[in-house]
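S.K.: Sharing a structure here in structure tokens format.
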Amino acid sequence: MFGMNVKEIDAQQFAQWVEEDGHKMRVIDVRQMEEIAQGTVPKAEALPLHTLPVKVGELDKSEKLIMVCRSGARSAQACMFLQQQGFSNVFNLRGGMMAWVQSGFPAHRLS
């Protein structure tokens, strides 16, 4: 959908990663704060897409990064941007929060 270079995972796979090795990844929600306030995925931290170029230096290229948004479009943009910055371990949550909730997983509040 967004070119072959964006790696994607689906809601089930993401849920499994959270259970298995959640400590080895960072989950980044690139939506606006008011959207994130409605609920997000487990372990997510807020980093709205427009702030990503400024905050990219705070991300670690050795970490597995999972990008999340409402439908998967903004997070795919975030993945492409990070890949251009030399990040290779970046994954897009396919279908975003809509797919997460449709798969029967609960939306979480930011901790």
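By order of appearance in the structure tokens: chains A, B, ..., then residues from 1 within every chain, and ligands from 1 in the order shown.
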Could you name the residues that touch A:Glu35 at 10 Å or less, counting only C-alpha atoms, but leaving out those on the same chain fewer than 5 positions away, as a CSV table (one decimal) with C-alpha atoms, in the first residue's frame?

M.R.:
chain,number,residue,atom,x,y,z
A,29,ASP,CA,1.8,6.9,18.5
A,30,VAL,CA,2.1,9.7,15.9
A,40,THR,CA,-3.9,4.0,22.3
A,48,PRO,CA,2.8,13.5,17.1
A,69,CYS,CA,-1.8,6.1,14.1
A,70,ARG,CA,-5.5,5.9,13.5

S.K.: Which polymer residues have any atom within 12 Å of an atom of A:Gly86, counting only C-alpha atoms, with same-chain residues fewer than 2 positions away left out, as a list in words?

M.R.: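 My list of contacting residues is Val56, Gly57, Leu59, Asp60, Lys61, Ser62, Cys79, Met80, Phe81, Leu82, Gln83, Gln84, Ser88, Asn89 and Val90 of chain A.
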
S.K.: Would you mind telling me which residue in A:Ala107, A:Ala11, A:Val27, A:Ala99 lies nearest to A:Glu63 when using only C-alpha atoms?

M.R.: A:Val27

S.K.: Quick check, in Å to one decimal: how far apart do atom CA of A:Gln16 and atom CA of A:Gln85 lie?

M.R.: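 We find that atom CA of A:Gln16 and atom CA of A:Gln85 lie 27.8 Å from each other.
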
S.K.: DSSP on the backbone: which residues in stretch 3-108 of chain A end up as strand (DSSP E or B)? Give the answer as number ranges by chain.

M.R.: A: 7-9, 25-29, 40, 44-46, 64-68, 90-93, 108

S.K.: List every residue of stretch 30-87 of chain A that DSSP, applied to the backbone of this structure, places in helix (DSSP H, G or I), and write the result as a list in words.

M.R.: Met33, Glu34, Glu35, Ile36, Leu49, His50, Thr51, Leu52, Pro53, Val54, Lys55, Val56, Gly57, Glu58, Ala73, Arg74, Ser75, Ala76, Gln77, Ala78, Cys79, Met80, Phe81, Leu82, Gln83 and Gln84 of chain A

S.K.: Given only C-alpha atoms as the basis, pick out the residue of A:Ile9, A:Met33, A:Val18, A:Met98 nearest to A:His50.

M.R.: A:Met33

S.K.: Which value, in Å to one decimal, gives the distance between atom CA of A:Pro42 and atom CA of A:Phe91?

M.R.: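 Atom-to-atom, atom CA of A:Pro42 to atom CA of A:Phe91, that is 15.3 Å.
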
S.K.: Which residue is closest to A:Ser71? Choose from A:Leu93, A:Leu47, A:Val6, A:Ile28 and count only C-alpha atoms.

M.R.: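 Of the candidates, the smallest distance to A:Ser71 is held by A:Leu93.
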